[in-house]
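Here's the structure we're looking at; comments come further down.
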Amino acid sequence: MRPMTNHRRRFIQSAPAILATAAALALAGCGSSSSSAPSGAAASGAPRHGGTLTVLEGASFAGAWPGLDPATDTDGAANQSYMNSIFGQLFELSTGGKIVPDLATGYSFTNGGKTIVVTLRKGVTFSDGTPFNATAVVWNWNRDLAGTCTCKPVFLAKPVITQTGTYTVSLTLPYVNAPFINGIFDNIFNWIASPTAVQKMGEKAFALKPVGAGPFVVVSDTPSSQLVLARNPHYWETG
């Protein structure tokens with residue numbers, strides 16, 4: 001556990017606004033319970049929306065975010081709960097280290113293991129209504145690699161990123177990169193931003209109110225202080 005510090009942050013959730021903290025995200029679909037209810041009581045009833053949650057966090061590395069643009073967020077790996085809420089993930093890391101497809105539906109290795117082919121989920125849109133597809137993923141990955149952020153992916157050689165279909169993307173290296181998928185969870189490649197929103201808003205404005213294809217949309221953002229999210233009514237996954 002991280003030691004608590006004197007500097008504290010307070011996150012409030014109110015229906016329909018939902019705070020982007022790991023705890024708020026985990027409880028977003030659960031009913032609230034009184035302070036007198038026994039531990040685990042909320043889980044015994046039928047899930048429902050609503051309620052209020054206050055979360056106190058220590059001001060450590062994971063307690064700050066300069067902006068929430070995947071290509072420029074220097075604390076992206078530490079802010080995974082926020083980023084996952086807004087952008088979703090190509091792949092999720094589940095119990096026991098199992099890889100679970102999310103916005104991607106699968107992957108395969110070809111070319112003797114030097115090419116990774118990722119297939120994407122069909123029919124998904126970003127929260128601004130623009131399509132989530134291979135064109136968007138290629139645009140994001142190339143933008144990530146072209147940036148100057150210390151958060152950008154590092155390869156031994158520059159990869160060749162290609163759109164091989166409407167919903168398929170390939171990444172080719174001159175060597176085998178077997179742990180690519182296993183390592184994508186701490187990699188900004190896992191978060192795909194709306195290219196239209198980035199280009200329309202500009203990077204500075206986008207970092208404060210980013211647009212993704214995740215389960216929540218940004219209501220307000222005070223960097224390293226308070227982030228308020230609301231449920232994305234157009235999210236691809238029901239429930």
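Here's how to read the names in the structure tokens: chain A, B, ... by the order shown, residue numbers from 1 in each chain, ligand numbers from 1 in the order shown.
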
TODO: From the DSSP assignment of the backbone, select every residue of segment 92-181 of chain A that is strand (DSSP E or B), and format the answer as number ranges by chain.
DONE: A: 92-93, 99-101, 104-110, 115-120, 125, 131, 160-165, 168-172

What's the 9 Å shell around Gly214 of chain A, counting only C-alpha atoms, without same-chain residues fewer than 5 positions away, as a short mmCIF file (atom, residue, chain, number, x, y, z; two decimals) with N, CA and C atoms, in the first residue's frame?
```cif
data_model
loop_
_atom_site.label_atom_id
_atom_site.label_comp_id
_atom_site.auth_asym_id
_atom_site.auth_seq_id
_atom_site.Cartn_x
_atom_site.Cartn_y
_atom_site.Cartn_z
N MET A 83 -8.03 6.29 -17.52
CA MET A 83 -7.90 6.09 -18.96
C MET A 83 -8.85 5.00 -19.47
N ASN A 84 -8.94 3.90 -18.71
CA ASN A 84 -9.84 2.82 -19.10
C ASN A 84 -11.29 3.27 -19.10
N SER A 85 -11.64 4.15 -18.18
CA SER A 85 -13.01 4.65 -18.11
C SER A 85 -13.39 5.45 -19.34
N ILE A 86 -12.45 6.23 -19.84
CA ILE A 86 -12.72 7.13 -20.97
C ILE A 86 -12.52 6.44 -22.31
N PHE A 87 -11.44 5.69 -22.43
CA PHE A 87 -11.07 5.12 -23.73
C PHE A 87 -11.42 3.65 -23.88
N GLY A 88 -11.73 2.96 -22.78
CA GLY A 88 -11.83 1.51 -22.88
C GLY A 88 -10.44 0.96 -23.12
N GLN A 89 -10.35 -0.28 -23.55
CA GLN A 89 -9.06 -0.91 -23.82
C GLN A 89 -9.17 -1.82 -25.03
N LEU A 103 -12.09 -3.77 -26.87
CA LEU A 103 -12.35 -3.10 -28.15
C LEU A 103 -11.68 -3.85 -29.30
N PHE A 126 -16.86 6.14 -31.21
CA PHE A 126 -16.38 6.98 -30.13
C PHE A 126 -17.57 7.76 -29.57
N SER A 127 -17.40 8.34 -28.41
CA SER A 127 -18.52 9.05 -27.79
C SER A 127 -18.94 10.30 -28.56
N ASN A 232 -21.53 6.74 -20.55
CA ASN A 232 -21.61 6.90 -22.00
C ASN A 232 -22.83 6.14 -22.53
N TYR A 235 -22.13 3.45 -25.32
CA TYR A 235 -21.10 2.43 -25.12
C TYR A 235 -21.57 1.10 -25.72
N TRP A 236 -20.65 0.39 -26.34
CA TRP A 236 -21.01 -0.82 -27.13
C TRP A 236 -21.53 -1.96 -26.25
#
```

Open item on the list: When you look at Ser220 of chain A with a cut-off of 8 Å (counting only C-alpha atoms), what residues show up, excluding the ones that are within fewer than 4 positions of it in the same chain? I need them as a PyMOL selection string.
Closed with: chain A and resi 209+226-229

Write the residues you've just listed into a file as a PDB file, in the first residue's frame, and include all heavy atoms for each of them.
```pdb
ATOM      1  N   LYS A 209     -10.395  17.374 -21.944  1.00  0.00           N
ATOM      2  CA  LYS A 209     -11.709  16.753 -22.131  1.00  0.00           C
ATOM      3  C   LYS A 209     -11.621  15.737 -23.265  1.00  0.00           C
ATOM      4  O   LYS A 209     -12.195  15.917 -24.337  1.00  0.00           O
ATOM      5  CB  LYS A 209     -12.769  17.809 -22.415  1.00  0.00           C
ATOM      6  CG  LYS A 209     -14.183  17.323 -22.114  1.00  0.00           C
ATOM      7  CD  LYS A 209     -15.177  18.477 -22.049  1.00  0.00           C
ATOM      8  CE  LYS A 209     -16.541  17.978 -21.599  1.00  0.00           C
ATOM      9  NZ  LYS A 209     -17.523  19.089 -21.497  1.00  0.00           N
ATOM     10  N   GLN A 226      -9.692  16.918  -9.541  1.00  0.00           N
ATOM     11  CA  GLN A 226     -10.989  16.267  -9.611  1.00  0.00           C
ATOM     12  C   GLN A 226     -11.365  15.946 -11.056  1.00  0.00           C
ATOM     13  O   GLN A 226     -11.252  16.791 -11.941  1.00  0.00           O
ATOM     14  CB  GLN A 226     -12.069  17.164  -9.013  1.00  0.00           C
ATOM     15  CG  GLN A 226     -13.431  16.461  -8.893  1.00  0.00           C
ATOM     16  CD  GLN A 226     -14.488  17.366  -8.313  1.00  0.00           C
ATOM     17  OE1 GLN A 226     -14.871  18.358  -8.932  1.00  0.00           O
ATOM     18  NE2 GLN A 226     -14.973  17.040  -7.131  1.00  0.00           N
ATOM     19  N   LEU A 227     -11.793  14.730 -11.267  1.00  0.00           N
ATOM     20  CA  LEU A 227     -12.256  14.266 -12.573  1.00  0.00           C
ATOM     21  C   LEU A 227     -13.653  13.705 -12.412  1.00  0.00           C
ATOM     22  O   LEU A 227     -13.866  12.805 -11.604  1.00  0.00           O
ATOM     23  CB  LEU A 227     -11.320  13.181 -13.122  1.00  0.00           C
ATOM     24  CG  LEU A 227     -11.753  12.508 -14.436  1.00  0.00           C
ATOM     25  CD1 LEU A 227     -11.715  13.496 -15.591  1.00  0.00           C
ATOM     26  CD2 LEU A 227     -10.856  11.315 -14.735  1.00  0.00           C
ATOM     27  N   VAL A 228     -14.612  14.250 -13.144  1.00  0.00           N
ATOM     28  CA  VAL A 228     -15.997  13.804 -13.069  1.00  0.00           C
ATOM     29  C   VAL A 228     -16.406  13.226 -14.420  1.00  0.00           C
ATOM     30  O   VAL A 228     -16.220  13.867 -15.461  1.00  0.00           O
ATOM     31  CB  VAL A 228     -16.946  14.963 -12.697  1.00  0.00           C
ATOM     32  CG1 VAL A 228     -18.390  14.461 -12.608  1.00  0.00           C
ATOM     33  CG2 VAL A 228     -16.528  15.577 -11.365  1.00  0.00           C
ATOM     34  N   LEU A 229     -16.924  12.007 -14.386  1.00  0.00           N
ATOM     35  CA  LEU A 229     -17.340  11.319 -15.596  1.00  0.00           C
ATOM     36  C   LEU A 229     -18.819  10.977 -15.521  1.00  0.00           C
ATOM     37  O   LEU A 229     -19.374  10.811 -14.442  1.00  0.00           O
ATOM     38  CB  LEU A 229     -16.552  10.021 -15.781  1.00  0.00           C
ATOM     39  CG  LEU A 229     -15.027  10.104 -15.785  1.00  0.00           C
ATOM     40  CD1 LEU A 229     -14.425   8.724 -15.970  1.00  0.00           C
ATOM     41  CD2 LEU A 229     -14.548  11.039 -16.863  1.00  0.00           C
TER      42      LEU A 229
END
```

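For the pair atom CA of Asn142 of chain A and atom CA of Tyr107 of chain A, the separation is 19.0 Å.
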
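The nearest approach to Val124 of chain A among the residues A:Phe185, A:Cys151, A:Ala64, A:Asp102, with only C-alpha atoms taken into account, belongs to A:Asp102.
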
Task: In segment 106-234 of chain A, DSSP helix (DSSP H, G or I) residues written as a VMD selection string - done: chain A and resid 111 to 113 134 to 146 184 to 186 188 to 190 195 to 201 203 to 208
